[in-house]
Structures are given as structure tokens and as C-alpha cells.
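**Q** Could you have a look at this structure, given as C-alpha cells, before my questions?
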Amino acid sequence: MIKLTTEILKQVIQVRPNNSYKGTFGKCLLIAGSAQYGGAALLASSAAVYSGAGLVTLATDPINFTSSKTRLPEVMNLDLKQSKLILELAKQVQVVAFGPGLLINEVNSRLLEKIIEQMKPEQTLILDASGFGIIKTFQVNLKLLQAQLILTPHVGEWQHVSELAVSQQTSKNNQRQLDLLTPAGAALVLKGAPSHIYFSQTETIFENTLGTPAMATGGMGDALTGILAGFVAQFGWQPEVVLAAVFAHSYLAQELAQKQYVVLPSQLVQALPIFMKQWE
Ligand SMILES: NC(=O)C1=CN([C@@H]2O[C@H](COP(=O)(O)OP(=O)(O)OC[C@H]3O[C@@H](n4cnc5c(N)ncnc54)[C@H](O)[C@@H]3O)[C@@H](O)[C@H]2O)[C@@H](O)CC1
Ligand SMILES: Nc1ncnc2c1ncn2[C@@H]1O[C@H](COP(=O)(O)OP(=O)(O)O)[C@@H](O)[C@H]1O
Ligand SMILES: [Mg+2]
């Protein structure tokens with residue numbers, strides 16, 4: 001088990017080249033948010049923008065359009081029902097993040113299946129939250145994916161997907177289930193206190209030594225999904241980039257928690273640009 005340190009931030013976060021433009025830092029498509037869980041979509045999409053993705057589109061229930069545009073005009077919106085448009089855009093982005101705040105239903109599962117079918121090896125799919133309910137309920141096969149894959153379940157979601165009770169979630173069992181369920185190289189960010197990161201068909205496991213109970217507020221995982229999307233969009237898919245995003249999320253929360261009893265996910269998101277500047 002390798003413990004993450006600040007080395008990973010220095011390694012991954014780069015000074016931006018002068019001759020860059022928004023296209024240099026990648027495009028993200030987030031498929032997230034129902035009427036009930038619009039906040040998850042707002043947090044994930046804002047985290048992608050604040051962590052530095054060049055262009056961010058949120059496909060969501062239209063009821064979230066006004067709040068999305070009012071809170072963050074940088075984010076573009078697509079109607080979750082317009083699956084043709086979503087699939088078209090999904091071909092053009094570096095990262096698709098699927099799941100926060102979605103309803104677990106057949107329409108969303110069909111959309112995910114088509115995305116899995118069409119994504120290319122140079123792209124990355126991040127699966128979070130209701131995405132796990134969808135793959136489990138509708139038996140979606142992740143092995144068909146050719147793109148890179150990042151799974152970000154908390155232990156409750158991992159229990160559902162892996163069929164490992166929390167008490168059975170040992171490193172060995174987690175690795176075996178990950179290898180069974182996903183293509184080689186897929187990352188599993190198993191969120192908890194602390195979080196562990198596994199890679200499919202790879203022996204080495206990483207521990208995120210940081211984190212604080214001040215993070216235990218709904219939406220903190222949605223923010224991580226957006227940070228992962230932003231990091232992969234601009235720094236490319238590499239195991240180190242996944243590790244750096246996970247570490248940055250907890251490190252920043254811990255920094256804020258020195259002066260705060262609770263760290264709100266939206267506060268963490270807003271603090272990202274200043275935090276990243278320290279590590280470029
Ligand atoms: N503001 C918002 O709109 C928010 C929306 N959310 C959305 O709400 C939906 C349901 O998410 P939930 O995470 O509540 O899903 P679940 O209700 O599926 O998961 C929580 C279950 O897992 C168990 N559990 C065990 N260990 C856990 C751990 N370490 N951390 C968390 N739960 C653990 C809990 O006891 C509970 O039974 C998702 O779509 C999610 O994206 C949440 O992200 C919270 C914020
Ligand atoms: N006590 C804690 N110590 C360390 N990290 C925590 C703690 N509580 C929550 N977290 C972190 O907060 C995030 C919570 O994610 P998740 O459960 O998906 O939240 P949500 O679905 O509400 O957005 C994870 O990254 C987890 O590691
Ligand atoms: Mg979550």
C-alpha cells in the first residue's frame with residue numbers, strides 16, 4: 001500500500017503554457033442531476049470548471065437550467081431527454097462523468113450503455129453515485145468500454161456493485177471484484193475515511209492519508225467527481241492524475257477545516273483555483 005504525499009500534486013499540476021486556449025484544457029460532459037438532486041449536478045459541474053477544465057457542459061433535467069446558469073454561467077446546459085445531442089457531444093469531449101444525482105431508470109441506463117459502446121480509448125468515463133445503481137439494476141457491462149474508466153463509489157455503493165459487504169471489503173476482495181467487473185487499468189476510488197485507490201489488473205494500492213470529518217456533508221463526493229473530470233480534461237488520463245485529484249480534494253478540505261468546523265462542498269470548489277496555484 002503506497003501512501004499519497006504532496007509529491008503527487010507537484011508532479012501533476014502544471015504551469016499553463018502561454019500559447020494556450022480553452023481547448024488546451026479539455027472538454028467535459030457531465031450527465032448529472034434530476035429534479036430531486038439538482039445540487040449534485042451543480043457541485044460536480046462547478047468543480048470541473050473551478051479545477052480548470054476548458055469547457056464544461058452539464059446534461060441535466062431542465063428544471064436545473066436556471067440554477068446552473070445563475071450559479072455558474074461558464075457551464076453550458078443540455079436537456080437530459082435529448083439523448084441524440086448528448087451522444088453527439090460525448091464523442092467530442094475528453095471526459096464524460098455520469099451519475100451524480102441521476103434517477104435510476106431505464107432511460108438513463110440506455111444512455112449509459114450507448115456511451116459505453118461509443119467511447120474511444122483516448123477518452124475517459126467517470127462513474128459515480130446513481131451511476132452505480134444504474135449499472136447494478138440494469139446489468140450494464142463495464143467490460144465493453146474501450147475508454148479509460150474511473151469508478152468513485154463510497155463503501156455503500158461499492159457494496160451494491162461488488163456484492164461485498166462492508167466487512168468483506170478487504171484489499172484482496174476489492175481488487176478481485178474490480179478485476180472481474182472492469183477493463184484493465186480502470187481506477188477504483190473507494191471513498192471513505194481514508195479513501196483507497198485501486199487499478200484493475202494491477203497489484204499496487206494507494207492510500208489517501210488525508211481527509212477530515214469536516215468533509216462529511218452531502219455533495220462532497222459530487223465535488224470530487226468534478227475535480228477528477230477537470231484534472232483528467234486538462235492533464236490527461238494517467239493513474240497519477242487520478243491520484244492527484246483525490247489527494248487535492250482531501251488536502252484542500254483539510255486546509256479549510258483548520259478554521260472551519262464543517263467544510264461545504266461549494267466552499268471547497270471555490271477555493272480550488274487558489275489551491276492549485278500553490279502547486280503549479
Ligand atoms: N445536493 C444534492 O443534490 C446531493 C445529491 N446526492 C445524490 O443523491 C443520490 C444518493 O446518494 P447517496 O450517497 O445518499 O446514496 P445512497 O443512499 O445509495 O448511499 C448511502 C447508503 O450507503 C450507506 N453507506 C455506508 N457507508 C457509507 C459511506 N462511507 N459513505 C456514504 N454512505 C455510506 C449509507 O448508510 C446509505 O445506506 C446520488 O445520486 C447522489 O449523487 C448526494 O450526492 C448528496 C447531495
Ligand atoms: N470522516 C471523513 N474523513 C475523510 N474523508 C471523508 C470523511 N467523510 C467524508 N469524506 C470524504 O467525502 C466524500 C464523500 O463522498 P460521497 O459519500 O460520495 O458524498 P456525496 O454523494 O454526498 O457527494 C469522499 O471523498 C469521502 O472520502
Ligand atoms: Mg456520492
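Starting from 1 in every chain, residues are counted up; chains themselves are A, B, ... following the order of the C-alpha cells, and ligands are numbered from 1 as listed.
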Counting only C-alpha atoms and all ligand atoms, which protein, DNA or RNA residues come within 9 Å of ligand 1, given as number ranges by chain?
**A** A: 32-43, 99-104, 128-133, 153-160, 166, 191-193, 216-223
**Q** Please give the complete set of residues from region 117-241 of chain A that DSSP, run on the backbone, assigns to helix (DSSP H, G or I), formatted as an MDAnalysis selection string.
**A** chainID A and resid 117:118 130:137 142:144 155:162 166:168 171:181 213:215 220:235 239:241
**Q** Write out as a PDB file with N, CA and C atoms, in the first residue's frame which residues come within 8 Å of Val49 (chain A) when counting only C-alpha atoms, dropping same-chain ones fewer than 5 positions away.
**A**
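Wrote it out as result_22.pdb, contents follow:
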```pdb
ATOM      1  N   GLY A  54     -11.372  23.256 -19.621  1.00  0.00           N
ATOM      2  CA  GLY A  54     -11.542  24.345 -20.584  1.00  0.00           C
ATOM      3  C   GLY A  54     -13.001  24.637 -20.899  1.00  0.00           C
ATOM      4  N   LEU A  55     -13.789  23.598 -21.086  1.00  0.00           N
ATOM      5  CA  LEU A  55     -15.206  23.752 -21.444  1.00  0.00           C
ATOM      6  C   LEU A  55     -16.018  22.680 -20.724  1.00  0.00           C
ATOM      7  N   VAL A  56     -17.083  23.099 -20.078  1.00  0.00           N
ATOM      8  CA  VAL A  56     -17.892  22.141 -19.311  1.00  0.00           C
ATOM      9  C   VAL A  56     -19.355  22.243 -19.740  1.00  0.00           C
ATOM     10  N   GLU A  74     -20.501  29.886 -16.722  1.00  0.00           N
ATOM     11  CA  GLU A  74     -19.464  29.199 -17.514  1.00  0.00           C
ATOM     12  C   GLU A  74     -19.928  27.824 -17.996  1.00  0.00           C
ATOM     13  N   VAL A  75     -20.912  27.252 -17.299  1.00  0.00           N
ATOM     14  CA  VAL A  75     -21.363  25.898 -17.652  1.00  0.00           C
ATOM     15  C   VAL A  75     -22.461  25.963 -18.714  1.00  0.00           C
ATOM     16  N   GLY A 226     -16.316  16.140 -10.057  1.00  0.00           N
ATOM     17  CA  GLY A 226     -15.998  17.287 -10.919  1.00  0.00           C
ATOM     18  C   GLY A 226     -14.503  17.583 -10.954  1.00  0.00           C
ATOM     19  N   GLY A 230     -12.139  17.616 -14.181  1.00  0.00           N
ATOM     20  CA  GLY A 230     -11.298  18.769 -14.524  1.00  0.00           C
ATOM     21  C   GLY A 230      -9.833  18.385 -14.652  1.00  0.00           C
TER      22      GLY A 230
END
```
**Q** Between A:Ala44, A:Val96, A:Ala186, A:Val15, single out the one closest to Ser266 (chain A), counting only C-alpha atoms.
**A**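 Among the listed residues, the smallest separation from Ser266 (chain A) belongs to A:Ala44.
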**Q** Between CA of Val241 (chain A) and CA of Ile8 (chain A), what is the distance in Å, rounded to a tenth?
**A** 8.2 Å
**Q** A:Ser195, A:Asn19, A:Gln278, A:Thr170: which is nearest ligand 2, counting only C-alpha atoms and all ligand atoms?
**A** A:Ser195
**Q** For the structure I just gave you, how does DSSP split region 44-171 of chain A - specifically, which residues are strand (DSSP E or B)? Reply as a PyMOL selection string.
**A** chain A and resi 55-60+76-79+95-98+124-127+148-151+154
**Q** For the residues in the current selection, export C-alpha atoms as a PDB file, in the first residue's frame.
**A**
```
ATOM      1  CA  LEU A  55     -15.206  23.752 -21.444  1.00  0.00           C
ATOM      2  CA  VAL A  56     -17.892  22.141 -19.311  1.00  0.00           C
ATOM      3  CA  THR A  57     -21.359  21.041 -20.414  1.00  0.00           C
ATOM      4  CA  LEU A  58     -23.952  19.724 -17.996  1.00  0.00           C
ATOM      5  CA  ALA A  59     -26.676  17.441 -19.346  1.00  0.00           C
ATOM      6  CA  THR A  60     -29.397  17.562 -16.709  1.00  0.00           C
ATOM      7  CA  MET A  76     -23.371  25.036 -20.787  1.00  0.00           C
ATOM      8  CA  ASN A  77     -26.555  23.013 -20.484  1.00  0.00           C
ATOM      9  CA  LEU A  78     -28.179  20.196 -22.417  1.00  0.00           C
ATOM     10  CA  ASP A  79     -31.571  18.620 -21.768  1.00  0.00           C
ATOM     11  CA  VAL A  95     -14.182  13.278 -20.253  1.00  0.00           C
ATOM     12  CA  VAL A  96     -17.727  12.112 -19.611  1.00  0.00           C
ATOM     13  CA  ALA A  97     -18.817  11.992 -15.962  1.00  0.00           C
ATOM     14  CA  PHE A  98     -22.035  10.078 -15.387  1.00  0.00           C
ATOM     15  CA  THR A 124     -12.316   8.844 -20.014  1.00  0.00           C
ATOM     16  CA  LEU A 125     -15.591   7.851 -18.371  1.00  0.00           C
ATOM     17  CA  ILE A 126     -16.112   8.685 -14.689  1.00  0.00           C
ATOM     18  CA  LEU A 127     -18.908   6.786 -12.980  1.00  0.00           C
ATOM     19  CA  GLN A 148     -10.423   4.798 -19.616  1.00  0.00           C
ATOM     20  CA  LEU A 149     -12.660   4.296 -16.606  1.00  0.00           C
ATOM     21  CA  ILE A 150     -12.755   5.812 -13.121  1.00  0.00           C
ATOM     22  CA  LEU A 151     -15.229   4.495 -10.541  1.00  0.00           C
ATOM     23  CA  HIS A 154     -18.397   5.189  -1.353  1.00  0.00           C
TER      24      HIS A 154
END
```
**Q** Compare A:Lys27, A:His249, A:Lys143, A:Lys277 by their minimum atom-to-atom distance to Ser200 (chain A), counting only C-alpha atoms, and give me the closest one.
**A**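 Going through A:Lys27, A:His249, A:Lys143, A:Lys277 one by one, the smallest distance to Ser200 (chain A) is for A:Lys143.
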**Q** From the set A:Ala214, A:Cys28, A:Leu264, A:Leu243, which residue has the shortest atom-to-atom contact distance to Tyr198 (chain A), counting only C-alpha atoms?
**A**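 Smallest separation from Tyr198 (chain A) among the options: A:Leu243.
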**Q** One decimal, Å: what's the distance from CA of Arg16 (chain A) over to CA of Leu272 (chain A), could you say?
**A**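 Between CA of Arg16 (chain A) and CA of Leu272 (chain A) the gap is 15.5 Å.
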